[in-house]
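start.txt, holding compact mmCIF, C-alpha atoms and all ligand atoms:
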# COMPACT_ATOMS: atom_id res chain seq x y z
CA MET G 233 177.80 79.78 129.34
CA ASN G 234 178.54 80.40 125.70
CA LEU G 235 178.12 77.20 123.69
CA GLU G 236 178.44 78.70 120.25
CA PRO G 237 182.02 77.52 119.50
CA TYR G 238 181.21 73.94 120.45
CA THR G 239 180.03 71.14 118.25
CA PHE G 240 178.09 68.56 120.19
CA VAL G 241 178.58 64.89 119.51
CA PHE G 242 176.24 62.49 121.27
CA THR G 243 177.55 58.96 121.61
CA GLY G 244 175.12 57.41 123.98
CA LYS G 245 172.09 58.01 126.13
CA ASN G 246 174.03 59.19 129.17
CA ILE G 247 177.39 60.12 127.72
CA THR G 248 177.96 63.36 125.96
CA PHE G 249 181.09 64.76 124.40
CA ALA G 250 181.73 68.28 123.51
CA GLN G 251 184.30 68.84 120.83
CA ASN G 252 186.07 72.11 120.28
CA ASN G 253 188.24 72.41 117.15
CA GLY G 254 188.75 68.65 117.12
CA GLU G 255 189.71 68.55 120.81
CA ALA G 256 187.36 66.34 122.76
CA LEU G 257 186.16 67.64 126.09
CA TRP G 258 184.12 65.78 128.73
CA TRP G 259 181.04 67.72 129.70
CA GLY G 260 179.03 65.48 131.91
CA ILE G 261 177.00 68.01 133.85
CA ALA G 262 175.64 69.62 130.69
CA ALA G 263 174.79 66.23 129.22
CA ASP G 264 171.88 65.58 131.63
CA LYS G 265 170.43 69.01 131.00
CA ILE G 266 170.78 68.69 127.28
CA GLU G 267 169.10 65.33 127.33
CA GLN G 268 166.31 66.66 129.53
CA LYS G 269 165.71 69.46 127.06
CA ASP G 270 165.85 67.06 124.14
CA MET G 271 163.33 64.66 125.58
CA LEU G 272 161.02 67.53 126.41
CA LEU G 273 161.26 68.93 122.89
CA GLU G 274 160.58 65.49 121.47
CA LYS G 275 157.52 65.15 123.65
CA ILE G 276 156.34 68.64 122.66
CA GLU G 277 156.75 67.83 118.95
CA GLN G 278 154.81 64.61 119.39
CA LEU G 279 151.97 66.40 121.17
CA LEU G 280 151.99 69.16 118.53
CA ARG G 281 151.39 66.56 115.82
CA GLU G 282 148.74 64.96 117.97
CA VAL G 283 146.73 68.08 118.75
CA SER G 284 146.87 69.46 115.21
CA GLU G 285 145.06 66.35 114.00
CA LEU G 286 142.41 66.21 116.73
CA THR G 287 138.87 65.28 115.72
CA ALA G 288 135.65 65.06 117.74
CA ALA G 289 132.10 64.02 116.90
CA ASN G 290 130.30 65.96 119.60
CA ALA G 291 130.61 68.36 122.52
CA GLU G 292 131.32 65.56 125.02
CA GLU G 293 134.31 64.37 123.00
CA ILE G 294 135.62 67.92 122.72
CA GLU G 295 135.38 68.33 126.49
CA ALA G 296 137.28 65.05 126.92
CA LEU G 297 140.06 66.41 124.69
CA ARG G 298 140.17 69.65 126.63
CA LEU G 299 140.56 67.68 129.88
CA LYS G 300 143.23 65.44 128.34
CA TYR G 301 145.46 68.28 127.11
CA LEU G 302 144.59 71.57 128.77
CA SER G 303 143.13 70.89 132.21
CA LYS G 304 145.21 71.13 135.42
CA LYS G 305 145.96 67.41 135.21
CA GLY G 306 146.34 67.44 131.42
CA GLU G 307 149.41 66.42 129.42
CA ILE G 308 150.47 69.95 128.45
CA THR G 309 150.22 71.13 132.05
CA ALA G 310 152.37 68.15 133.07
CA LEU G 311 155.09 69.34 130.65
CA MET G 312 155.26 72.59 132.60
CA ALA G 313 156.63 70.61 135.57
CA ASP G 314 159.38 69.10 133.36
CA PHE G 315 160.10 72.58 132.00
CA ARG G 316 161.33 73.61 135.47
CA ASP G 317 164.33 71.21 135.06
CA VAL G 318 165.46 72.69 131.76
CA ALA G 319 168.74 74.60 131.94
CA ALA G 320 168.27 78.33 132.28
CA ASP G 321 169.89 79.09 128.92
CA GLN G 322 167.54 76.60 127.18
CA LYS G 323 164.38 77.83 128.85
CA LYS G 324 163.66 80.46 126.22
CA ALA G 325 163.70 78.05 123.25
CA VAL G 326 161.82 75.29 125.07
CA GLY G 327 159.40 77.77 126.56
CA MET G 328 158.55 79.14 123.12
CA LYS G 329 157.93 75.65 121.81
CA LEU G 330 155.82 74.80 124.84
CA ASN G 331 153.82 77.98 124.31
CA GLU G 332 153.28 77.06 120.66
CA LEU G 333 151.95 73.70 121.79
CA LYS G 334 149.57 75.24 124.27
CA GLN G 335 148.27 77.79 121.75
CA THR G 336 147.88 75.17 119.04
CA ALA G 337 145.92 72.88 121.38
CA THR G 338 143.67 75.75 122.56
CA ARG G 339 143.05 76.92 118.98
CA LYS G 340 142.32 73.42 117.74
CA ILE G 341 139.84 72.70 120.52
CA ASN G 342 138.10 76.04 119.94
CA GLU G 343 137.88 75.21 116.22
CA LEU G 344 136.28 71.89 117.04
CA LYS G 345 133.75 73.66 119.32
CA GLU G 346 132.82 76.12 116.55
CA GLN G 347 132.41 73.34 113.99
CA CYS G 348 130.22 71.45 116.43
CA GLU G 349 127.98 74.51 117.09
CA THR G 350 127.70 75.31 113.37
CA ALA G 351 126.69 71.74 112.66
CA GLU G 352 124.01 71.92 115.36
CA THR G 353 122.62 75.18 113.93
CA ALA G 354 122.60 73.78 110.41
CA THR G 355 120.39 70.91 111.50
CA ASP G 356 117.77 73.34 112.96
CA ASP G 357 114.49 73.52 111.08
CA ILE G 358 115.01 76.74 109.11
CA ASP G 359 112.78 77.33 106.10
CA LEU G 360 114.53 79.91 103.92
CA THR G 361 111.63 79.94 101.44
CA ARG G 362 109.18 81.23 104.05
CA THR G 363 107.94 84.78 103.46
CA ALA G 364 109.10 87.55 105.81
CA TYR G 365 107.11 88.40 108.93
CA PRO G 366 104.20 90.67 107.94
CA THR G 367 104.40 94.33 108.94
CA PRO G 368 101.36 95.03 111.13
CA LEU G 369 99.12 97.57 109.41
CA GLY G 370 96.52 99.72 111.11
CA THR G 371 92.84 99.47 110.24
CA ARG G 372 90.23 102.12 109.68
CA HIS G 373 88.14 102.84 112.75
CA PRO G 374 84.65 101.34 112.35
CA LEU G 375 83.07 104.77 112.84
CA ASN G 376 85.20 106.14 109.98
CA ILE G 377 84.31 103.17 107.77
CA VAL G 378 80.60 103.85 108.30
CA ARG G 379 80.94 107.64 108.05
CA ASN G 380 82.82 107.30 104.76
CA ARG G 381 80.14 104.96 103.46
CA ILE G 382 77.33 107.39 104.41
CA VAL G 383 79.20 110.37 102.92
CA ASP G 384 79.79 108.33 99.76
CA ILE G 385 76.08 107.51 99.38
CA PHE G 386 74.95 111.12 99.82
CA SER G 387 77.78 112.46 97.64
CA ARG G 388 76.41 110.39 94.77
CA MET G 389 73.04 112.09 95.30
CA GLY G 390 74.64 115.53 94.92
CA PHE G 391 75.32 116.46 98.55
CA THR G 392 78.58 118.28 99.33
CA LEU G 393 80.55 118.21 102.61
CA ALA G 394 80.35 121.11 105.07
CA ASP G 395 82.34 121.57 108.27
CA GLY G 396 82.17 123.83 111.32
CA PRO G 397 83.64 124.39 114.80
CA GLU G 398 83.06 121.96 117.69
CA VAL G 399 83.32 124.81 120.22
CA GLU G 400 80.32 126.88 119.13
CA ASP G 401 78.11 129.71 120.33
CA ASP G 402 74.53 129.25 121.48
CA LEU G 403 73.36 131.40 118.57
CA HIS G 404 74.27 128.79 115.96
CA VAL G 405 73.61 125.67 118.03
CA PHE G 406 70.23 126.64 119.50
CA THR G 407 68.86 130.12 118.71
CA LYS G 408 68.97 129.95 114.93
CA MET G 409 67.69 126.37 115.11
CA ASN G 410 64.45 127.66 116.63
CA PHE G 411 65.12 126.55 120.23
CA ALA G 412 63.12 128.70 122.69
CA PRO G 413 65.30 130.58 125.25
CA ASP G 414 64.06 128.26 127.99
CA HIS G 415 64.37 125.04 125.97
CA PRO G 416 65.62 122.19 128.21
CA ALA G 417 68.44 121.32 125.73
CA ARG G 418 70.13 124.55 126.90
CA ASP G 419 70.18 123.18 130.43
CA MET G 420 73.58 122.52 131.98
CA GLN G 421 72.37 118.99 132.61
CA ASP G 422 72.45 118.34 128.87
CA THR G 423 75.10 120.63 127.39
CA PHE G 424 78.78 121.31 128.18
CA PHE G 425 79.38 125.00 128.74
CA VAL G 426 82.72 126.66 127.95
CA ASP G 427 81.58 130.21 128.79
CA ASN G 428 78.25 131.04 130.43
CA HIS G 429 76.48 134.42 129.99
CA SER G 430 73.27 134.01 131.96
CA ALA G 431 71.99 137.47 130.94
CA ASP G 432 72.00 136.64 127.23
CA VAL G 433 71.88 132.91 126.52
CA THR G 434 72.69 133.44 122.84
CA LYS G 435 76.23 134.50 123.84
CA ASN G 436 76.98 131.29 125.71
CA ILE G 437 79.94 129.33 124.35
CA ILE G 438 79.30 125.59 124.40
CA LEU G 439 80.46 122.30 122.91
CA ARG G 440 78.00 121.74 120.07
CA SER G 441 75.33 119.21 120.95
CA HIS G 442 74.46 118.56 117.30
CA THR G 443 75.95 119.40 113.91
CA SER G 444 72.93 121.58 113.01
CA SER G 445 75.16 124.54 113.86
CA VAL G 446 77.04 123.84 110.62
CA GLN G 447 73.74 124.11 108.72
CA ALA G 448 73.12 127.51 110.35
CA ARG G 449 76.59 128.74 109.33
CA VAL G 450 76.15 127.56 105.72
CA MET G 451 72.65 129.12 105.43
CA GLU G 452 73.99 132.44 106.78
CA THR G 453 76.53 132.72 104.00
CA THR G 454 74.97 130.83 101.10
CA GLN G 455 71.78 131.36 99.16
CA PRO G 456 69.84 128.28 97.92
CA PRO G 457 70.06 125.86 96.36
CA ILE G 458 71.90 124.32 99.33
CA ARG G 459 72.57 120.58 99.44
CA ILE G 460 75.05 119.64 102.18
CA ILE G 461 75.94 116.94 104.65
CA CYS G 462 77.76 117.81 107.87
CA PRO G 463 79.60 114.96 109.56
CA GLY G 464 81.21 115.69 112.92
CA ARG G 465 81.65 115.02 116.61
CA VAL G 466 79.07 116.33 119.08
CA TYR G 467 78.99 116.49 122.89
CA ARG G 468 76.26 115.92 125.46
CA ASN G 469 76.40 115.82 129.22
CA GLU G 470 75.57 112.12 129.60
CA ALA G 471 76.80 109.48 132.02
CA ILE G 472 79.06 107.07 130.11
CA THR G 473 77.43 103.65 129.79
CA ALA G 474 77.24 100.88 127.21
CA ARG G 475 74.38 102.77 125.52
CA ALA G 476 75.37 106.42 126.00
CA HIS G 477 78.54 108.50 125.83
CA CYS G 478 79.43 112.14 126.41
CA PHE G 479 80.51 112.43 122.78
CA PHE G 480 79.34 110.76 119.63
CA HIS G 481 79.29 111.37 115.88
CA GLN G 482 76.50 112.77 113.76
CA ILE G 483 75.87 113.31 110.11
CA GLU G 484 73.23 115.88 109.34
CA GLY G 485 71.93 116.67 105.89
CA LEU G 486 70.17 119.75 104.51
CA TYR G 487 68.54 120.45 101.19
CA ILE G 488 66.98 123.84 100.47
CA ASP G 489 65.61 124.91 97.11
CA ARG G 490 62.35 126.01 95.51
CA ASN G 491 59.48 123.51 95.77
CA VAL G 492 61.23 120.93 97.96
CA SER G 493 58.58 118.62 99.40
CA PHE G 494 58.27 115.87 101.97
CA ALA G 495 58.11 113.40 99.04
CA ASP G 496 61.69 114.41 98.09
CA LEU G 497 62.82 113.74 101.67
CA LYS G 498 61.13 110.35 101.75
CA GLN G 499 62.69 109.23 98.46
CA VAL G 500 66.19 110.33 99.46
CA MET G 501 65.82 108.53 102.81
CA LEU G 502 64.62 105.33 101.07
CA MET G 503 67.57 105.42 98.66
CA PHE G 504 70.01 105.92 101.54
CA ALA G 505 68.51 103.03 103.55
CA GLN G 506 68.66 100.66 100.58
CA GLU G 507 72.23 101.66 99.70
CA MET G 508 73.32 101.25 103.31
CA PHE G 509 71.44 98.15 104.39
CA GLY G 510 70.48 96.40 101.15
CA ALA G 511 67.97 96.70 98.30
CA GLU G 512 65.26 94.84 100.25
CA THR G 513 65.21 97.45 103.03
CA LYS G 514 61.90 99.21 103.69
CA ILE G 515 61.48 102.47 105.60
CA ARG G 516 58.77 103.71 107.96
CA LEU G 517 58.26 107.35 109.04
CA ARG G 518 56.64 108.08 112.39
CA PRO G 519 55.50 111.60 113.41
CA SER G 520 57.84 113.24 115.88
CA TYR G 521 58.95 116.64 117.13
CA PHE G 522 62.14 118.65 116.68
CA PRO G 523 62.42 122.43 117.20
CA PHE G 524 64.03 122.96 113.79
CA THR G 525 61.70 120.91 111.55
CA GLU G 526 57.96 120.96 110.88
CA PRO G 527 56.59 118.39 110.23
CA SER G 528 59.16 116.09 111.86
CA ALA G 529 59.56 112.33 111.68
CA GLU G 530 61.54 109.45 113.16
CA MET G 531 62.58 106.98 110.53
CA ASP G 532 62.74 103.22 111.04
CA ILE G 533 64.12 100.63 108.65
CA SER G 534 62.92 97.05 108.35
CA CYS G 535 65.15 94.91 110.60
CA HIS G 536 68.06 93.70 108.45
CA ILE G 537 68.71 90.78 110.81
CA CYS G 538 65.30 89.09 110.52
CA GLY G 539 64.09 90.84 107.36
CA GLY G 540 61.11 92.32 109.24
CA LYS G 541 59.77 89.08 110.71
CA GLY G 542 60.75 90.05 114.27
CA CYS G 543 63.78 89.02 116.35
CA GLY G 544 65.58 89.88 119.58
CA PHE G 545 67.58 92.62 117.84
CA CYS G 546 64.45 94.54 116.74
CA LYS G 547 62.60 93.65 119.97
CA HIS G 548 60.24 91.53 117.82
CA THR G 549 58.79 94.58 116.08
CA GLY G 550 60.48 93.99 112.70
CA TRP G 551 61.67 97.64 112.69
CA VAL G 552 64.71 99.50 114.03
CA GLU G 553 64.98 103.27 114.44
CA ILE G 554 67.84 104.90 112.55
CA LEU G 555 67.36 108.65 112.19
CA GLY G 556 65.30 111.79 112.62
CA CYS G 557 64.19 114.08 109.78
CA GLY G 558 61.63 116.64 108.67
CA MET G 559 60.90 119.77 106.66
CA VAL G 560 63.03 122.74 107.77
CA ASP G 561 60.96 125.04 110.00
CA PRO G 562 60.37 128.42 108.25
CA ASN G 563 61.62 130.12 111.45
CA VAL G 564 65.04 128.49 110.90
CA LEU G 565 65.16 129.71 107.29
CA GLU G 566 64.25 133.26 108.30
CA ALA G 567 66.72 133.27 111.23
CA CYS G 568 69.48 132.38 108.77
CA GLY G 569 68.46 134.97 106.17
CA ILE G 570 66.60 132.76 103.69
CA ASP G 571 63.16 133.77 102.41
CA SER G 572 60.80 131.04 103.63
CA LYS G 573 58.09 132.15 101.19
CA VAL G 574 60.35 131.32 98.23
CA TYR G 575 62.36 128.41 99.55
CA SER G 576 61.61 125.24 101.43
CA GLY G 577 63.80 122.32 102.39
CA TYR G 578 64.30 119.17 104.40
CA ALA G 579 66.89 118.15 106.99
CA PHE G 580 67.88 114.87 108.56
CA GLY G 581 70.32 113.79 111.23
CA LEU G 582 71.71 110.38 112.09
CA GLY G 583 74.14 109.01 114.64
CA VAL G 584 77.20 107.30 113.15
CA GLU G 585 77.49 105.05 116.24
CA ARG G 586 73.85 104.05 115.83
CA ILE G 587 74.32 103.04 112.18
CA THR G 588 77.60 101.26 113.01
CA ASN G 589 75.82 99.28 115.74
CA LEU G 590 73.09 98.30 113.31
CA LYS G 591 75.64 97.20 110.72
CA TYR G 592 78.17 95.43 112.96
CA GLN G 593 76.20 94.75 116.16
CA VAL G 594 78.69 96.41 118.50
CA SER G 595 77.17 95.75 121.92
CA ASP G 596 78.99 98.43 123.92
CA LEU G 597 79.29 102.05 122.76
CA ARG G 598 82.42 102.53 124.90
CA MET G 599 84.40 100.12 122.70
CA PHE G 600 84.54 102.80 119.97
CA SER G 601 86.76 105.03 122.10
CA GLU G 602 88.78 102.48 124.09
CA ASN G 603 91.34 101.98 121.29
CA ASP G 604 91.57 98.24 121.97
CA VAL G 605 93.53 96.90 119.00
CA ARG G 606 91.71 93.54 119.23
CA PHE G 607 88.39 95.34 118.67
CA LEU G 608 89.76 97.43 115.79
CA ASP G 609 91.29 94.31 114.18
CA GLU G 610 87.75 92.96 113.74
CA PHE G 611 87.22 95.57 111.03
CA VAL G 612 90.26 94.79 108.81
CA SER G 613 88.17 93.37 105.99
CA ALA G 614 85.42 96.00 106.37
CA GLY G 615 87.68 98.99 105.74
ZN ZN G 701 64.68 91.70 113.67
Now, as a test, write the supplied structure out as structure tokens.
Amino acid sequence: MNLEPYTFVFTGKNITFAQNNGEALWWGIAADKIEQKDMLLEKIEQLLREVSELTAANAEEIEALRLKYLSKKGEITALMADFRDVAADQKKAVGMKLNELKQTATRKINELKEQCETAETATDDIDLTRTAYPTPLGTRHPLNIVRNRIVDIFSRMGFTLADGPEVEDDLHVFTKMNFAPDHPARDMQDTFFVDNHSADVTKNIILRSHTSSVQARVMETTQPPIRIICPGRVYRNEAITARAHCFFHQIEGLYIDRNVSFADLKQVMLMFAQEMFGAETKIRLRPSYFPFTEPSAEMDISCHICGGKGCGFCKHTGWVEILGCGMVDPNVLEACGIDSKVYSGYAFGLGVERITNLKYQVSDLRMFSENDVRFLDEFVSAG
């Protein structure tokens, strides 16, 4: 039906006239439909005003609004039923308006939800002045802390660093260090073998069992004066327990020159002990035996826990053992091409784990190689 030419004149609630070029026409059937559409539009407009001014104080109120307008039994859904009675040619216009209402209500309720959530977040306890989370930093390993400290002390006394291979031949580890061919240290029970030549033990390839091999290599290529320290990892065939491991760290020292005496050794050892453990530290040398030194000594320091009075740590002796030392055996000098009639020297060797235990009282040797971050974190301030 084309209504364009008509001008509608409404004279009452139920009576409708259609006028065409001044000629009045009765159009009763259309009147009901038109009125239906009109009432619906009026209702839609009213709801549009209503929903665009919605307010809510909290989530419960917002939910109540959603139920009132948008749920299956809500007011907008109810309008859909009325929409079915709208004349087919009016459906498009009314439908668009109805859609606008539904979209407006949905948008408004979503806006209210967002405002409500923002308000809740804003009341959370956020301190914007707080500093950022700290970046976790690593710490130096306790063995490195102690090794660096020892190297530092000897560097100030004129010692320079020397390094050598960990996979070494018997010649440098044992033979040149004056170990007899049948010395028990060469036994497979004590040393890790990489390559075994039973006919000529000096050709055996092994993991070095001490860093003395570095001394041998330096003496082979350098004429005195020699003043070196050799820090490094060494390997021994030991069962792994709290007190022993199959690898540990040594620092050996060597000084060779003319007229080097035992008094020089003793003074250097005393200075080291006092630098490492405090100015009050005393040292004690006890006769001992090593193949590569003659005479040889074990060195103790006065217990730094009890000050020498005696405690559980020093087994009530007042002393704790820290290193071995002695005058370099002339056989070692000769084996490495140094004239023992002209030169003499001293050597010492200490375990880094041993010194670290004395300094920090680490009860279990295995903790050094377990890489437990909680253990390493204990040394943050030390490093
Ligand atoms: Zn003590």
Once you count only C-alpha atoms and all ligand atoms, which residues end up within 6 Å of ligand ZN 701 (chain G), and could you hand them over as a list in words? Cys535, Ile537, Cys538, Gly540, Gly542, Cys543, Phe545, Cys546 and Gly550 of chain G
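Atom pair CA of Tyr521 in chain G / CA of Glu484 in chain G has a distance of 16.3 Å (rounded to one decimal).
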Could you work out how far CA of Ala476 in chain G lies from CA of Met508 in chain G, giving the answer in Å with one decimal?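 Between these atoms lies a distance of 23.4 Å.
Between CA of Leu375 in chain G and CA of Thr588 in chain G lies a distance of 6.5 Å.
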For range 603-610 of chain G, list every protein, DNA or RNA residue within 8 Å, evaluated using only C-alpha atoms, and leave out those in the same chain fewer than 5 positions away; present the list as a ChimeraX atom specification. /G:371-374
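The residue that comes closest to Ala288 in chain G, out of G:Glu346, G:Asp419, G:Asp384, G:Glu602 and on the basis of only C-alpha atoms, is G:Glu346.
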Shortest interatomic distance to Met409 in chain G - which of G:Asn589, G:Asn491, G:Ser576, G:Thr525, counting all atoms listed in the file: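 When distances to Met409 in chain G are compared using all atoms listed in the file, the smallest one comes from G:Thr525.
Candidate residues G:Lys345, G:Lys329, G:Arg362, G:Arg518 were compared for distance to Trp551 in chain G, and the nearest is G:Arg518, using all atoms listed in the file.
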Where does range 531-602 of chain G meet range 448-465 of chain G within 10 Å, residue by residue, with the nearest atom pair and distance in Å to one decimal for each, counting all atoms listed in the file, listed by chain and rising number, as a tab-separated table?
residue	atom	partner	partner_atom	distance
G:Val564	CA	G:Ala448	CA	8.2
G:Leu565	CA	G:Met451	CA	7.7
G:Glu566	CA	G:Met451	CA	9.8
G:Ala567	CA	G:Glu452	CA	8.6
G:Cys568	CA	G:Glu452	CA	4.9
G:Gly569	CA	G:Glu452	CA	6.1
G:Ile570	CA	G:Gln455	CA	7.0
G:Asp571	CA	G:Gln455	CA	9.5
G:Val574	CA	G:Pro456	CA	10.0
G:Tyr575	CA	G:Pro456	CA	7.7
G:Ser576	CA	G:Pro456	CA	9.4
G:Gly577	CA	G:Ile458	CA	8.9
G:Tyr578	CA	G:Arg459	CA	9.7
G:Ala579	CA	G:Ile461	CA	9.4
G:Phe580	CA	G:Ile461	CA	9.2
G:Gly581	CA	G:Cys462	CA	9.1
G:Leu582	CA	G:Pro463	CA	9.5
G:Gly583	CA	G:Pro463	CA	9.5
G:Val584	CA	G:Pro463	CA	8.8
Which one is closest to Asp270 in chain G: G:Leu393, G:Ala313, G:Leu590, G:Ala319? Count all atoms listed in the file. G:Ala319
Quick one: of G:Met503, G:Lys269, G:Ala291, G:Asn380, who's nearest to Glu352 in chain G, counting all atoms listed in the file?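 Between G:Met503, G:Lys269, G:Ala291, G:Asn380, the residue approaching Glu352 in chain G most closely is G:Ala291.
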For a quick check of understanding, using all atoms listed in the file, which of G:Leu497, G:Leu344, G:Val383, G:Val378 has the smallest distance to Arg298 in chain G?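 Closest candidate: G:Leu344.
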Could you give me, as a ChimeraX atom specification, the residues that have an atom at most 7 Å away from the point (63.2, 123.8, 110.1) in the coordinates of the file, using all atoms listed in the file? /G:524-526,559-565
Could you give me, as a ChimeraX atom specification, the residues that sit within 9 Å of (83.8, 125.0, 118.4) in the file's coordinates, counting only C-alpha atoms? /G:396-401,437-440
Write the selection just made, keeping C-alpha atoms, as a PDB file, in the coordinates of the input?
ATOM      1  CA  GLY G 396      82.170 123.830 111.320  1.00  0.00           C
ATOM      2  CA  PRO G 397      83.640 124.390 114.800  1.00  0.00           C
ATOM      3  CA  GLU G 398      83.060 121.960 117.690  1.00  0.00           C
ATOM      4  CA  VAL G 399      83.320 124.810 120.220  1.00  0.00           C
ATOM      5  CA  GLU G 400      80.320 126.880 119.130  1.00  0.00           C
ATOM      6  CA  ASP G 401      78.110 129.710 120.330  1.00  0.00           C
ATOM      7  CA  ILE G 437      79.940 129.330 124.350  1.00  0.00           C
ATOM      8  CA  ILE G 438      79.300 125.590 124.400  1.00  0.00           C
ATOM      9  CA  LEU G 439      80.460 122.300 122.910  1.00  0.00           C
ATOM     10  CA  ARG G 440      78.000 121.740 120.070  1.00  0.00           C
TER      11      ARG G 440
END
For Ser430 in chain G, please output as JSON, numbers by chain all residues within 12 Å (counting only C-alpha atoms; exclusion window: fewer than 5 positions along the same chain). {"G": [402, 413, 414, 418, 419, 420, 425, 435, 436, 437]}
